[in-house]
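This is work-v7.cif. It holds mmCIF, C-alpha atoms.
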data_query
loop_
_atom_site.label_atom_id
_atom_site.label_comp_id
_atom_site.auth_asym_id
_atom_site.auth_seq_id
_atom_site.Cartn_x
_atom_site.Cartn_y
_atom_site.Cartn_z
CA MET A 12 97.58 139.94 126.75
CA ALA A 13 97.46 143.58 125.58
CA GLU A 14 99.74 144.61 122.74
CA ILE A 15 100.75 148.25 122.58
CA ARG A 16 102.80 149.85 119.85
CA PRO A 17 104.43 153.25 119.24
CA PHE A 18 103.33 155.25 116.22
CA ARG A 19 104.29 158.27 114.15
CA GLY A 20 101.81 160.75 115.48
CA VAL A 21 100.29 163.52 113.39
CA GLN A 22 100.42 166.85 115.21
CA TYR A 23 100.10 170.57 114.57
CA ASN A 24 103.22 172.18 113.14
CA PRO A 25 104.28 174.91 115.61
CA GLU A 26 105.72 176.95 112.75
CA MET A 27 102.30 177.12 111.11
CA VAL A 28 100.04 177.09 114.17
CA LYS A 29 101.41 179.41 116.83
CA ASP A 30 98.50 179.15 119.27
CA LEU A 31 97.78 175.51 120.04
CA ALA A 32 95.14 176.52 122.58
CA ALA A 33 93.02 177.90 119.72
CA VAL A 34 92.98 174.65 117.74
CA ILE A 35 92.52 171.73 120.13
CA CYS A 36 88.93 170.83 120.99
CA PRO A 37 86.87 168.46 123.13
CA PRO A 38 85.98 165.00 121.77
CA TYR A 39 82.96 164.84 119.49
CA ASP A 40 80.54 163.38 122.04
CA ILE A 41 80.47 166.49 124.27
CA ILE A 42 80.36 169.14 121.52
CA PRO A 43 76.87 170.66 121.21
CA GLN A 44 75.96 172.72 118.14
CA GLN A 45 76.67 176.09 119.78
CA MET A 46 80.14 174.97 120.90
CA ARG A 47 80.90 173.54 117.46
CA ASP A 48 80.07 176.88 115.83
CA GLU A 49 82.26 178.73 118.34
CA LEU A 50 85.17 176.34 117.70
CA TYR A 51 84.85 176.97 113.98
CA ARG A 52 85.12 180.71 114.61
CA ARG A 53 88.03 180.34 117.01
CA SER A 54 90.50 179.28 114.34
CA GLU A 55 90.48 178.20 110.71
CA TYR A 56 92.60 175.27 111.83
CA ASN A 57 90.54 174.18 114.82
CA PHE A 58 90.57 170.38 115.09
CA VAL A 59 86.77 170.26 115.25
CA ARG A 60 86.87 170.37 111.44
CA LEU A 61 88.26 166.83 111.55
CA GLU A 62 86.82 165.51 114.80
CA TYR A 63 83.22 166.66 114.32
CA THR A 64 82.65 168.38 111.00
CA ARG A 65 79.41 170.35 110.81
CA PRO A 66 76.99 169.88 107.93
CA LEU A 67 76.39 172.71 105.50
CA PRO A 68 73.03 174.56 105.57
CA ASP A 69 70.33 172.62 103.71
CA GLU A 70 72.73 169.74 103.07
CA THR A 71 70.71 166.57 102.46
CA ASP A 72 73.62 164.17 101.97
CA THR A 73 74.47 163.14 105.53
CA THR A 74 77.80 161.61 104.44
CA ALA A 75 79.14 164.71 102.65
CA LYS A 76 80.60 166.17 105.83
CA TYR A 77 82.94 163.19 106.19
CA ALA A 78 84.32 163.76 102.70
CA ARG A 79 84.96 167.39 103.63
CA ALA A 80 86.79 166.29 106.77
CA ALA A 81 89.00 164.01 104.66
CA ALA A 82 89.72 166.82 102.19
CA THR A 83 90.59 169.13 105.09
CA LEU A 84 92.98 166.59 106.55
CA GLU A 85 94.80 166.09 103.26
CA GLU A 86 94.99 169.83 102.68
CA TRP A 87 96.42 170.50 106.14
CA LEU A 88 99.04 167.77 105.62
CA LYS A 89 99.93 169.21 102.22
CA GLN A 90 100.18 172.77 103.56
CA GLY A 91 102.22 171.69 106.57
CA VAL A 92 99.58 172.72 109.10
CA LEU A 93 99.83 169.15 110.35
CA GLU A 94 103.03 167.13 110.24
CA THR A 95 103.83 163.49 110.79
CA ALA A 96 106.54 162.57 113.30
CA LYS A 97 109.74 161.15 111.86
CA LYS A 98 110.04 158.45 114.53
CA PRO A 99 107.47 156.14 116.14
CA ALA A 100 106.77 157.15 119.70
CA PHE A 101 104.68 156.67 122.78
CA TYR A 102 103.31 160.03 123.93
CA LEU A 103 103.37 160.76 127.65
CA HIS A 104 100.55 163.19 128.51
CA ASP A 105 100.10 165.15 131.73
CA HIS A 106 96.65 166.75 131.97
CA TYR A 107 96.34 169.47 134.64
CA PHE A 108 92.91 170.70 135.74
CA THR A 109 90.89 171.90 138.71
CA LEU A 110 87.59 170.69 140.15
CA HIS A 111 85.72 172.39 143.00
CA GLY A 112 88.78 174.54 143.65
CA LYS A 113 91.21 171.61 143.95
CA ALA A 114 94.09 171.09 141.51
CA TYR A 115 94.74 167.70 139.88
CA LYS A 116 97.14 166.10 137.43
CA ARG A 117 96.19 163.01 135.44
CA ARG A 118 99.02 161.18 133.68
CA GLY A 119 98.54 158.85 130.71
CA ILE A 120 100.38 157.35 127.78
CA VAL A 121 99.04 157.73 124.25
CA THR A 122 99.74 154.55 122.31
CA LEU A 123 98.36 152.18 119.73
CA VAL A 124 96.55 149.14 121.13
CA LYS A 125 95.85 146.07 119.04
CA LEU A 126 92.12 145.63 118.58
CA GLU A 127 90.68 142.50 120.17
CA GLU A 128 87.16 141.11 120.49
CA TRP A 129 85.53 141.71 123.85
CA SER A 130 85.22 137.93 124.30
CA LYS A 131 89.01 137.57 124.58
CA GLY A 132 89.09 139.70 127.71
CA VAL A 133 92.17 141.59 126.57
CA VAL A 134 90.27 144.87 126.34
CA ARG A 135 87.24 145.02 128.62
CA PRO A 136 84.17 147.30 128.51
CA HIS A 137 82.09 148.45 131.47
CA GLU A 138 79.17 150.19 129.69
CA GLY A 139 76.90 149.45 126.73
CA THR A 140 76.81 151.39 123.45
CA LEU A 141 74.26 152.93 121.10
CA LYS A 142 73.99 152.38 117.36
CA GLU A 143 73.97 155.98 116.13
CA PRO A 144 77.30 157.19 117.59
CA LYS A 145 79.02 154.07 116.22
CA GLY A 146 77.71 154.84 112.74
CA ASP A 147 79.15 158.35 112.92
CA ARG A 148 82.59 157.12 113.94
CA MET A 149 82.54 154.40 111.27
CA ASN A 150 81.87 156.98 108.58
CA LEU A 151 84.74 159.09 109.87
CA LEU A 152 87.11 156.11 109.91
CA TRP A 153 86.33 155.24 106.30
CA ALA A 154 86.77 158.84 105.19
CA LEU A 155 89.93 159.78 107.12
CA GLN A 156 91.50 156.39 107.80
CA ALA A 157 92.62 157.92 111.06
CA ASN A 158 91.85 158.04 114.77
CA THR A 159 91.18 161.69 115.53
CA SER A 160 90.61 161.26 119.28
CA ALA A 161 91.90 158.64 121.68
CA VAL A 162 89.86 156.07 123.56
CA PHE A 163 90.38 156.48 127.32
CA GLY A 164 91.67 153.22 128.83
CA LEU A 165 92.71 152.07 132.29
CA PHE A 166 95.43 149.68 133.44
CA MET A 167 96.84 148.27 136.67
CA ASP A 168 100.28 149.33 137.87
CA GLY A 169 100.42 147.81 141.33
CA GLU A 170 104.22 147.72 141.53
CA LYS A 171 104.54 151.19 139.96
CA LYS A 172 106.95 149.96 137.32
CA VAL A 173 105.12 151.83 134.57
CA ALA A 174 105.01 154.96 136.74
CA SER A 175 108.77 154.68 137.22
CA GLN A 176 109.30 154.68 133.46
CA PHE A 177 107.00 157.67 133.12
CA GLU A 178 108.98 159.60 135.73
CA LYS A 179 112.22 159.07 133.81
CA GLU A 180 110.67 160.45 130.63
CA ALA A 181 109.00 163.39 132.38
CA LYS A 182 112.42 164.72 133.44
CA LYS A 183 113.19 165.46 129.79
CA LYS A 184 112.11 168.52 127.83
CA PRO A 185 108.45 168.22 126.71
CA MET A 186 107.48 168.50 123.06
CA LEU A 187 104.53 170.74 123.97
CA ASP A 188 103.19 172.62 126.97
CA VAL A 189 99.93 174.46 126.43
CA LEU A 190 97.44 176.26 128.68
CA ILE A 191 93.92 176.44 127.26
CA ASN A 192 91.07 178.84 127.95
CA SER A 193 89.29 176.56 130.41
CA GLY A 194 92.33 176.66 132.69
CA GLU A 195 93.44 173.15 131.76
CA ARG A 196 97.08 172.56 130.86
CA HIS A 197 98.55 169.86 128.66
CA VAL A 198 102.19 168.76 128.73
CA MET A 199 103.37 166.06 126.33
CA TRP A 200 106.60 164.15 125.76
CA ALA A 201 107.49 161.89 122.81
CA ILE A 202 109.08 158.65 124.04
CA THR A 203 111.27 157.49 121.14
CA GLY A 204 114.16 155.65 122.81
CA LYS A 205 114.25 151.96 121.92
CA SER A 206 114.97 150.78 125.47
CA ALA A 207 112.09 152.80 126.92
CA ILE A 208 109.69 151.63 124.20
CA ASP A 209 110.72 148.01 124.67
CA GLU A 210 110.35 148.21 128.46
CA LEU A 211 106.92 149.84 128.34
CA SER A 212 105.73 147.34 125.74
CA ARG A 213 106.92 144.49 127.96
CA LEU A 214 105.18 145.93 131.04
CA PHE A 215 101.84 146.02 129.22
CA GLU A 216 102.13 142.51 127.75
CA GLY A 217 100.57 140.82 130.76
CA GLN A 218 97.81 143.40 131.17
CA SER A 219 94.14 143.51 130.49
CA LEU A 220 92.99 147.01 129.55
CA TYR A 221 89.69 148.57 130.58
CA ILE A 222 87.66 151.07 128.59
CA ALA A 223 86.89 154.12 130.71
CA ASP A 224 85.51 156.35 127.96
CA GLY A 225 85.16 155.69 124.24
CA HIS A 226 83.25 152.42 123.97
CA HIS A 227 81.66 153.63 120.71
CA ARG A 228 85.04 154.48 119.22
CA TYR A 229 86.45 151.09 120.16
CA GLU A 230 83.55 149.11 118.72
CA SER A 231 83.59 151.25 115.57
CA ALA A 232 87.31 150.64 115.11
CA LEU A 233 86.84 146.92 115.60
CA ALA A 234 84.07 146.81 112.99
CA TYR A 235 86.14 148.96 110.62
CA SER A 236 89.08 146.57 110.94
CA LYS A 237 86.84 143.62 110.00
CA GLU A 238 85.40 145.46 107.02
CA ARG A 239 88.83 146.44 105.74
CA HIS A 240 90.00 142.83 105.93
CA ALA A 241 86.84 141.70 104.14
CA CYS A 242 87.48 144.24 101.38
CA ASP A 243 91.08 143.11 100.95
CA PRO A 244 91.37 139.39 101.74
CA SER A 245 94.86 139.36 100.22
CA ALA A 246 96.21 141.54 103.05
CA GLN A 247 98.54 139.33 105.05
CA GLY A 248 99.26 139.70 108.75
CA VAL A 249 98.42 142.57 111.04
CA GLN A 250 97.51 145.82 109.28
CA PRO A 251 97.58 149.47 110.47
CA TYR A 252 93.79 149.42 110.84
CA ASP A 253 94.08 146.58 113.36
CA TYR A 254 95.22 149.14 115.94
CA LEU A 255 93.46 151.94 117.79
CA MET A 256 94.86 155.05 119.47
CA MET A 257 94.28 154.95 123.22
CA THR A 258 95.35 156.99 126.23
CA LEU A 259 96.07 154.64 129.11
CA VAL A 260 95.85 155.80 132.74
CA ASP A 261 96.60 153.88 135.92
CA PHE A 262 93.52 152.89 137.97
CA ALA A 263 95.30 154.39 141.00
CA ASP A 264 96.21 157.71 139.37
CA PRO A 265 95.27 160.50 141.82
CA GLY A 266 93.92 162.52 138.89
CA LEU A 267 91.45 159.84 137.83
CA ILE A 268 88.19 161.65 138.60
CA ILE A 269 84.85 159.90 138.04
CA LEU A 270 81.74 162.03 138.36
CA PRO A 271 78.28 160.54 138.94
CA ALA A 272 75.44 161.26 136.53
CA HIS A 273 72.68 162.52 138.84
CA ARG A 274 69.18 161.76 137.51
CA LEU A 275 66.64 164.54 136.91
CA VAL A 276 62.99 163.68 136.25
CA ARG A 277 59.94 165.62 135.07
CA GLY A 278 56.55 164.83 133.56
CA LEU A 279 55.38 162.84 136.59
CA SER A 280 51.74 163.03 137.62
CA ALA A 281 50.74 164.59 140.93
CA GLU A 282 49.47 161.18 142.03
CA THR A 283 52.83 159.53 141.29
CA LEU A 284 54.74 162.17 143.25
CA ALA A 285 52.33 162.00 146.18
CA GLY A 286 52.73 158.24 146.51
CA LEU A 287 56.49 158.08 145.95
CA ARG A 288 57.64 158.34 149.56
CA ALA A 289 55.41 155.48 150.70
CA LYS A 290 56.75 153.29 147.90
CA LEU A 291 60.36 154.21 148.75
CA GLU A 292 59.81 153.22 152.39
CA THR A 293 59.27 149.64 151.22
CA PHE A 294 62.98 149.42 150.37
CA PHE A 295 64.74 152.34 152.04
CA THR A 296 65.19 153.90 155.44
CA ILE A 297 64.42 157.58 154.88
CA GLU A 298 65.91 160.51 156.78
CA LYS A 299 64.66 164.07 156.28
CA VAL A 300 67.39 166.74 156.37
CA SER A 301 66.86 170.51 156.17
CA LEU A 302 68.19 171.94 152.93
CA LYS A 303 71.21 174.20 153.53
CA LYS A 304 72.52 177.10 151.48
CA ASP A 305 75.70 175.28 150.42
CA VAL A 306 73.83 172.36 148.92
CA ALA A 307 76.86 170.90 147.11
CA ALA A 308 78.83 170.43 150.34
CA GLN A 309 75.73 169.23 152.15
CA VAL A 310 74.95 166.54 149.59
CA GLU A 311 78.58 165.42 149.56
CA SER A 312 78.53 164.97 153.34
CA LEU A 313 75.17 163.17 153.24
CA LEU A 314 76.38 160.71 150.63
CA VAL A 315 79.39 159.52 152.63
CA GLU A 316 79.08 155.75 152.47
CA LYS A 317 79.72 152.85 154.77
CA PRO A 318 81.04 149.62 153.23
CA ASP A 319 78.35 147.70 151.33
CA GLU A 320 75.84 150.52 151.67
CA VAL A 321 73.64 152.02 148.98
CA LYS A 322 72.80 155.61 149.79
CA LEU A 323 70.98 158.17 147.61
CA VAL A 324 69.71 161.72 148.15
CA LEU A 325 66.33 162.81 146.78
CA ALA A 326 65.49 166.47 146.18
CA GLY A 327 62.10 167.79 145.14
CA LEU A 328 59.47 166.01 147.19
CA ASP A 329 59.86 168.64 149.89
CA LYS A 330 60.88 172.21 149.03
CA THR A 331 62.82 172.78 152.25
CA ASN A 332 64.25 169.30 152.88
CA LEU A 333 66.36 166.62 151.27
CA LEU A 334 65.57 162.94 151.75
CA VAL A 335 68.46 160.58 152.44
CA LEU A 336 67.62 157.06 151.24
CA ARG A 337 69.48 154.06 152.70
CA LEU A 338 68.76 150.69 151.14
CA ARG A 339 67.65 148.07 153.67
CA ASP A 340 67.40 144.89 151.63
CA PHE A 341 69.73 144.06 148.73
CA ALA A 342 67.89 140.81 148.07
CA ALA A 343 64.57 142.57 147.48
CA THR A 344 65.95 145.12 145.03
CA GLY A 345 68.22 142.57 143.35
CA ALA A 346 65.17 140.47 142.51
CA MET A 347 63.75 143.46 140.62
CA MET A 348 66.70 143.57 138.21
CA PRO A 349 67.34 141.33 135.19
CA SER A 350 68.59 137.96 136.41
CA PHE A 351 71.54 137.86 133.98
CA HIS A 352 73.29 140.71 135.82
CA SER A 353 76.01 139.95 138.35
CA ASP A 354 75.69 140.41 142.12
CA LEU A 355 78.16 143.30 141.88
CA TYR A 356 75.94 145.03 139.34
CA LYS A 357 72.88 144.61 141.57
CA ARG A 358 74.67 146.27 144.50
CA LEU A 359 75.64 149.43 142.63
CA ASP A 360 73.92 152.67 143.67
CA VAL A 361 73.21 153.50 140.02
CA SER A 362 71.66 150.08 139.38
CA VAL A 363 69.29 150.41 142.34
CA LEU A 364 68.39 153.94 141.26
CA ASP A 365 67.68 153.04 137.62
CA HIS A 366 65.97 149.68 137.99
CA VAL A 367 64.09 150.12 141.24
CA ILE A 368 63.27 153.82 141.65
CA LEU A 369 63.08 155.03 138.06
CA GLU A 370 61.76 151.95 136.24
CA LYS A 371 59.67 150.16 138.87
CA LEU A 372 58.43 152.94 141.15
CA LEU A 373 58.20 155.83 138.68
CA GLY A 374 57.81 154.03 135.36
CA VAL A 375 60.64 156.06 133.82
CA GLY A 376 63.22 154.26 131.68
CA PHE A 377 65.92 155.20 129.21
CA GLU A 378 63.63 154.35 126.34
CA ARG A 379 61.08 157.00 127.34
CA GLU A 380 60.84 160.33 125.53
CA LEU A 381 64.06 162.28 125.89
CA GLY A 382 62.54 165.16 127.85
CA THR A 383 61.43 163.04 130.83
CA LEU A 384 64.89 162.05 132.07
CA ALA A 385 68.01 164.20 132.10
CA PHE A 386 71.44 164.07 133.72
CA SER A 387 73.67 166.46 135.60
CA TYR A 388 77.24 165.91 136.77
CA ASP A 389 77.05 168.68 139.37
CA ARG A 390 75.18 168.30 142.68
CA GLU A 391 74.34 171.96 143.08
CA ASP A 392 73.17 172.27 139.48
CA ALA A 393 70.90 169.25 139.87
CA VAL A 394 69.17 170.65 142.98
CA LYS A 395 68.82 174.15 141.50
CA ARG A 396 67.14 172.78 138.38
CA VAL A 397 64.51 171.25 140.66
CA GLN A 398 64.16 174.41 142.72
CA ASN A 399 63.58 176.55 139.63
CA GLY A 400 60.87 174.19 138.39
CA GLU A 401 62.70 172.79 135.36
CA PHE A 402 62.45 169.28 136.87
CA GLN A 403 60.28 167.78 139.59
CA ILE A 404 62.85 165.63 141.39
CA ALA A 405 66.59 165.00 141.40
CA LEU A 406 68.15 161.73 142.52
CA LEU A 407 71.75 162.26 143.60
CA LEU A 408 74.29 159.49 143.93
CA ASN A 409 77.91 158.75 144.70
CA PRO A 410 80.46 158.31 141.93
CA VAL A 411 81.28 154.77 140.86
CA ARG A 412 84.59 153.69 142.31
CA PRO A 413 87.40 152.56 139.95
CA GLU A 414 87.49 149.12 141.57
CA ALA A 415 83.79 148.67 140.78
CA ILE A 416 84.46 149.45 137.11
CA LYS A 417 87.20 146.83 137.06
CA GLY A 418 85.04 144.32 138.91
CA ILE A 419 82.08 144.73 136.54
CA ALA A 420 84.33 144.41 133.49
CA ASP A 421 86.13 141.36 134.91
CA VAL A 422 82.89 139.40 135.29
CA GLY A 423 81.76 140.36 131.78
CA ASP A 424 78.91 142.58 132.92
CA ARG A 425 78.13 146.18 131.94
CA MET A 426 76.92 149.04 134.08
CA PRO A 427 73.72 150.96 133.36
CA ARG A 428 74.09 153.69 130.78
CA LYS A 429 75.24 157.04 132.11
CA SER A 430 76.94 155.47 135.11
CA THR A 431 80.29 157.21 134.82
CA TYR A 432 81.69 160.50 133.59
CA PHE A 433 85.47 160.66 133.55
CA TYR A 434 86.45 164.26 134.15
CA PRO A 435 87.84 166.03 132.28
CA LYS A 436 87.46 164.48 128.84
CA LEU A 437 90.60 163.80 126.83
CA PRO A 438 91.14 166.59 124.27
CA ALA A 439 91.23 166.06 120.52
CA GLY A 440 94.02 167.59 118.49
CA LEU A 441 97.15 167.00 120.55
CA VAL A 442 98.06 163.95 118.48
CA MET A 443 96.25 161.71 115.99
CA TYR A 444 96.91 158.35 114.36
CA LYS A 445 96.88 158.34 110.56
CA MET A 446 96.74 154.79 109.21
#

Just give me the structure as structure tokens.
Amino acid sequence: MAEIRPFRGVQYNPEMVKDLAAVICPPYDIIPQQMRDELYRRSEYNFVRLEYTRPLPDETDTTAKYARAAATLEEWLKQGVLETAKKPAFYLHDHYFTLHGKAYKRRGIVTLVKLEEWSKGVVRPHEGTLKEPKGDRMNLLWALQANTSAVFGLFMDGEKKVASQFEKEAKKKPMLDVLINSGERHVMWAITGKSAIDELSRLFEGQSLYIADGHHRYESALAYSKERHACDPSAQGVQPYDYLMMTLVDFADPGLIILPAHRLVRGLSAETLAGLRAKLETFFTIEKVSLKKDVAAQVESLLVEKPDEVKLVLAGLDKTNLLVLRLRDFAATGAMMPSFHSDLYKRLDVSVLDHVILEKLLGVGFERELGTLAFSYDREDAVKRVQNGEFQIALLLNPVRPEAIKGIADVGDRMPRKSTYFYPKLPAGLVMYKM
């Protein structure tokens, strides 16, 4: 099934870049303009100059920034700011972080994965993609001929054989250990031994891999590979551009944190808001609960699920109360969703929320003007944005479970957009793949 391969990673030269924390950055898709400007100021070698180059003032050529990124990459390689490893390696990566005061460690392996069409089922998606982000990554691929940030993938390790190999490698001295400003810590080892590489490659041979985060990057890389082959039909066999850099994490890793994207809505008429509860009672049992001071803990306790239960919390219809919504009839709500979706899809909290409440009852869809619908990954933040009048209502939901992601991908379905947020994002700049 999946084919993984070690590679000669390109990394910062510690002799030239003393402070690695000043140069690594988030992936492009969570870097707003203000953050990008701050990253530029942080260091002249910050990786954002490759990952997400900013346009110059009054620049009309939208492709010029990619050429600048390519020139920067070549200059950094020439100067020795970046250096290419002498030996191919898998890169074991421990990512330490905290969430709500609790400490976590997420362990993954950075590797090349052979690109395959979705239809083969070797690499499986769980969410859809948009055209614009794919265009951006395609332009970057053509300019740099490199993967600057890894796609986040998931795999099954039921017998813990992969974990056992990881433990052996983690006893050795790491190649880097860096604490960054956010409090996150990254520890990385280069796995170069032939026996370890052969064993890990063998363990992944029978696997299907699942995209957690980076669907746009995967589809862009697949399209880029096809275009490169079309441009050079004489190229025989598998080429460097037929592979993509991925970080693979076990589905059962205790540091695999999936946050829900709570929905925030504004721009609703007074009439729509006044009639919402009556419409909800058609499908849900509704319980009114007094809003407490520690709203984050309260919502977490209210959203505790029973098996096969859809439960949501609504804030905003009542200033002093939350409404707990429990779905009564899966058949009724399932009939309101597109028939081509699987039964598993129709039983997801996020599917019921998007198709039934937002689209059918409120007339709000993803294609509406951007300002109507927003998302928050923090329960307290979502409620406060309603309380301060920025939004009229917040619909809070449970995170999607890893097994649901696997189940959706296995049946060839895709979840609604903004269903999952894997926290924290993989950083860019620890290692890159130069084709």

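Nearest residue to Asn409 of chain A among A:Thr109, A:Thr331, A:Ser312, A:Ser130 is A:Ser312, counting only C-alpha atoms.
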
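Here the question is which of A:Leu406, A:Leu372, A:Glu94, A:Val21 gets nearest to Leu284 of chain A using all atoms listed in the file, and that residue is A:Leu372.
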
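Around segment 192-203 of chain A, within 6 Å and counting all atoms listed in the file, the residues found are A:Ala100, A:Phe101, A:Tyr102, A:Leu103, A:His104, A:Asp105, A:His106, A:Tyr107, A:Phe108, A:Pro185, A:Met186, A:Leu187, A:Asp188, once anything fewer than 4 positions away on its own chain is removed.
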
Write the residues you've just listed into a file as a compact mmCIF listing (two decimals), in the coordinates of the input, and include C-alpha atoms for each of them.
# COMPACT_ATOMS: atom_id res chain seq x y z
CA ALA A 100 106.77 157.15 119.70
CA PHE A 101 104.68 156.67 122.78
CA TYR A 102 103.31 160.03 123.93
CA LEU A 103 103.37 160.76 127.65
CA HIS A 104 100.55 163.19 128.51
CA ASP A 105 100.10 165.15 131.73
CA HIS A 106 96.65 166.75 131.97
CA TYR A 107 96.34 169.47 134.64
CA PHE A 108 92.91 170.70 135.74
CA PRO A 185 108.45 168.22 126.71
CA MET A 186 107.48 168.50 123.06
CA LEU A 187 104.53 170.74 123.97
CA ASP A 188 103.19 172.62 126.97

Near Ile120 of chain A, within 12 Å and counting all atoms listed in the file, which residues show up once chain neighbours fewer than 3 positions away are dropped, as a compact mmCIF listing (two decimals) with C-alpha atoms, in the coordinates of the input?
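Below you can see selection20.txt, which holds the result:
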# COMPACT_ATOMS: atom_id res chain seq x y z
CA ILE A 15 100.75 148.25 122.58
CA ARG A 16 102.80 149.85 119.85
CA PRO A 17 104.43 153.25 119.24
CA ALA A 100 106.77 157.15 119.70
CA PHE A 101 104.68 156.67 122.78
CA TYR A 102 103.31 160.03 123.93
CA LEU A 103 103.37 160.76 127.65
CA HIS A 104 100.55 163.19 128.51
CA ASP A 105 100.10 165.15 131.73
CA HIS A 106 96.65 166.75 131.97
CA ARG A 117 96.19 163.01 135.44
CA LEU A 123 98.36 152.18 119.73
CA VAL A 124 96.55 149.14 121.13
CA ALA A 161 91.90 158.64 121.68
CA VAL A 162 89.86 156.07 123.56
CA PHE A 163 90.38 156.48 127.32
CA GLY A 164 91.67 153.22 128.83
CA LEU A 165 92.71 152.07 132.29
CA PHE A 166 95.43 149.68 133.44
CA VAL A 173 105.12 151.83 134.57
CA ALA A 174 105.01 154.96 136.74
CA GLN A 176 109.30 154.68 133.46
CA PHE A 177 107.00 157.67 133.12
CA GLU A 178 108.98 159.60 135.73
CA GLU A 180 110.67 160.45 130.63
CA ALA A 181 109.00 163.39 132.38
CA VAL A 198 102.19 168.76 128.73
CA MET A 199 103.37 166.06 126.33
CA TRP A 200 106.60 164.15 125.76
CA ALA A 201 107.49 161.89 122.81
CA ILE A 202 109.08 158.65 124.04
CA ILE A 208 109.69 151.63 124.20
CA LEU A 211 106.92 149.84 128.34
CA SER A 212 105.73 147.34 125.74
CA PHE A 215 101.84 146.02 129.22
CA MET A 256 94.86 155.05 119.47
CA MET A 257 94.28 154.95 123.22
CA THR A 258 95.35 156.99 126.23
CA LEU A 259 96.07 154.64 129.11
CA VAL A 260 95.85 155.80 132.74
CA ASP A 261 96.60 153.88 135.92
CA LEU A 437 90.60 163.80 126.83
CA VAL A 442 98.06 163.95 118.48

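Residues of protein, DNA or RNA having at least one counted atom within 7 Å of (75.5, 144.1, 134.5), given only C-alpha atoms, are His352, Ser353, Tyr356, Ile419, Asp424, Arg425 and Met426 of chain A.
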
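Using all atoms listed in the file, the residues found no farther than 7 Å from segment 286-302 of chain A, other than those of its own chain fewer than 5 positions away, are Thr331, Asn332, Leu333, Leu334, Val335, Leu336, Arg337, Leu338, Arg339, Asp340 and Leu372 of chain A.
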
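Checking A:Ala263, A:Val59, A:Ile269, A:Ala234 one by one against Gly119 of chain A, counting all atoms listed in the file, you find the shortest gap at A:Ala263.
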
When the PyMOL selection byres ((chain A and resi 327) around 12) is applied to the structure above, which residues does it catch, written out as a ChimeraX atom specification? /A:275-277,279,284-285,287-288,302,324-326,328-334,393-407

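If you look at atom CA of Ser280 of chain A and atom CA of Asp392 of chain A, they are 23.4 Å away from each other.
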
Expansion of the PyMOL selection byres ((chain A and resi 77-84) around 7) into residues, as a CSV table (one decimal) with C-alpha atoms, in the frame of the given file:
chain,number,residue,atom,x,y,z
A,60,ARG,CA,86.9,170.4,111.4
A,61,LEU,CA,88.3,166.8,111.6
A,64,THR,CA,82.6,168.4,111.0
A,74,THR,CA,77.8,161.6,104.4
A,75,ALA,CA,79.1,164.7,102.6
A,76,LYS,CA,80.6,166.2,105.8
A,85,GLU,CA,94.8,166.1,103.3
A,86,GLU,CA,95.0,169.8,102.7
A,87,TRP,CA,96.4,170.5,106.1
A,88,LEU,CA,99.0,167.8,105.6
A,150,ASN,CA,81.9,157.0,108.6
A,151,LEU,CA,84.7,159.1,109.9
A,154,ALA,CA,86.8,158.8,105.2
A,155,LEU,CA,89.9,159.8,107.1

Could I get the residues of segment 215-297 of chain A with an atom no further than 12 Å from an atom of segment 36-49 of chain A, each paired with its nearest atom pair and that distance in Å to one decimal, using all atoms listed in the file, sorted by chain and residue number, as a tab-separated table?
residue	atom	partner	partner_atom	distance
A:Asp224	CA	A:Asp40	CA	10.4
A:Gly225	CA	A:Asp40	CA	9.2
A:His226	CA	A:Asp40	CA	11.5
A:His227	CA	A:Asp40	CA	9.9
A:Arg228	CA	A:Asp40	CA	10.4

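What separates atom CA of Leu270 of chain A from atom CA of Tyr434 of chain A is a distance of 6.7 Å.
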
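Comparing the minimum interatomic distances between Trp129 of chain A and each of A:Ser387, A:Ser219, A:Ser350, A:Thr95, counting all atoms listed in the file, we find that A:Ser219 sits nearest.
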
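Candidate residues A:Asp69, A:Leu31, A:Val134, A:Ala114 were compared for distance to Ala420 of chain A, and the nearest is A:Val134, using all atoms listed in the file.
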
Edge lengths and centre, in Å to one decimal, as JSON: that's what I need for the box along x, y and z that holds all listed atoms of segment 202-220 of chain A plus 4 Å on each side.
{"center_x": 104.0, "center_y": 149.7, "center_z": 126.2, "size_x": 30.0, "size_y": 25.8, "size_z": 18.0}

With N, CA and C atoms as the goal, would you fill in the gaps in segment 40-44 of chain A and present it as a PDB file, in the coordinates of the input?
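Result file follows (out-v4.pdb):
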ATOM      1  N   ASP A  40      81.766 163.745 121.326  1.00  0.00           N
ATOM      2  CA  ASP A  40      80.540 163.380 122.040  1.00  0.00           C
ATOM      3  C   ASP A  40      80.116 164.390 123.100  1.00  0.00           C
ATOM      4  N   ILE A  41      80.901 165.445 123.332  1.00  0.00           N
ATOM      5  CA  ILE A  41      80.470 166.490 124.270  1.00  0.00           C
ATOM      6  C   ILE A  41      80.470 167.858 123.592  1.00  0.00           C
ATOM      7  N   ILE A  42      80.391 167.870 122.253  1.00  0.00           N
ATOM      8  CA  ILE A  42      80.360 169.140 121.520  1.00  0.00           C
ATOM      9  C   ILE A  42      78.940 169.412 121.033  1.00  0.00           C
ATOM     10  N   PRO A  43      78.195 170.279 121.716  1.00  0.00           N
ATOM     11  CA  PRO A  43      76.870 170.660 121.210  1.00  0.00           C
ATOM     12  C   PRO A  43      77.026 171.631 120.034  1.00  0.00           C
ATOM     13  N   GLN A  44      75.922 171.894 119.348  1.00  0.00           N
ATOM     14  CA  GLN A  44      75.960 172.720 118.140  1.00  0.00           C
ATOM     15  C   GLN A  44      76.569 174.097 118.408  1.00  0.00           C
TER      16      GLN A  44
END
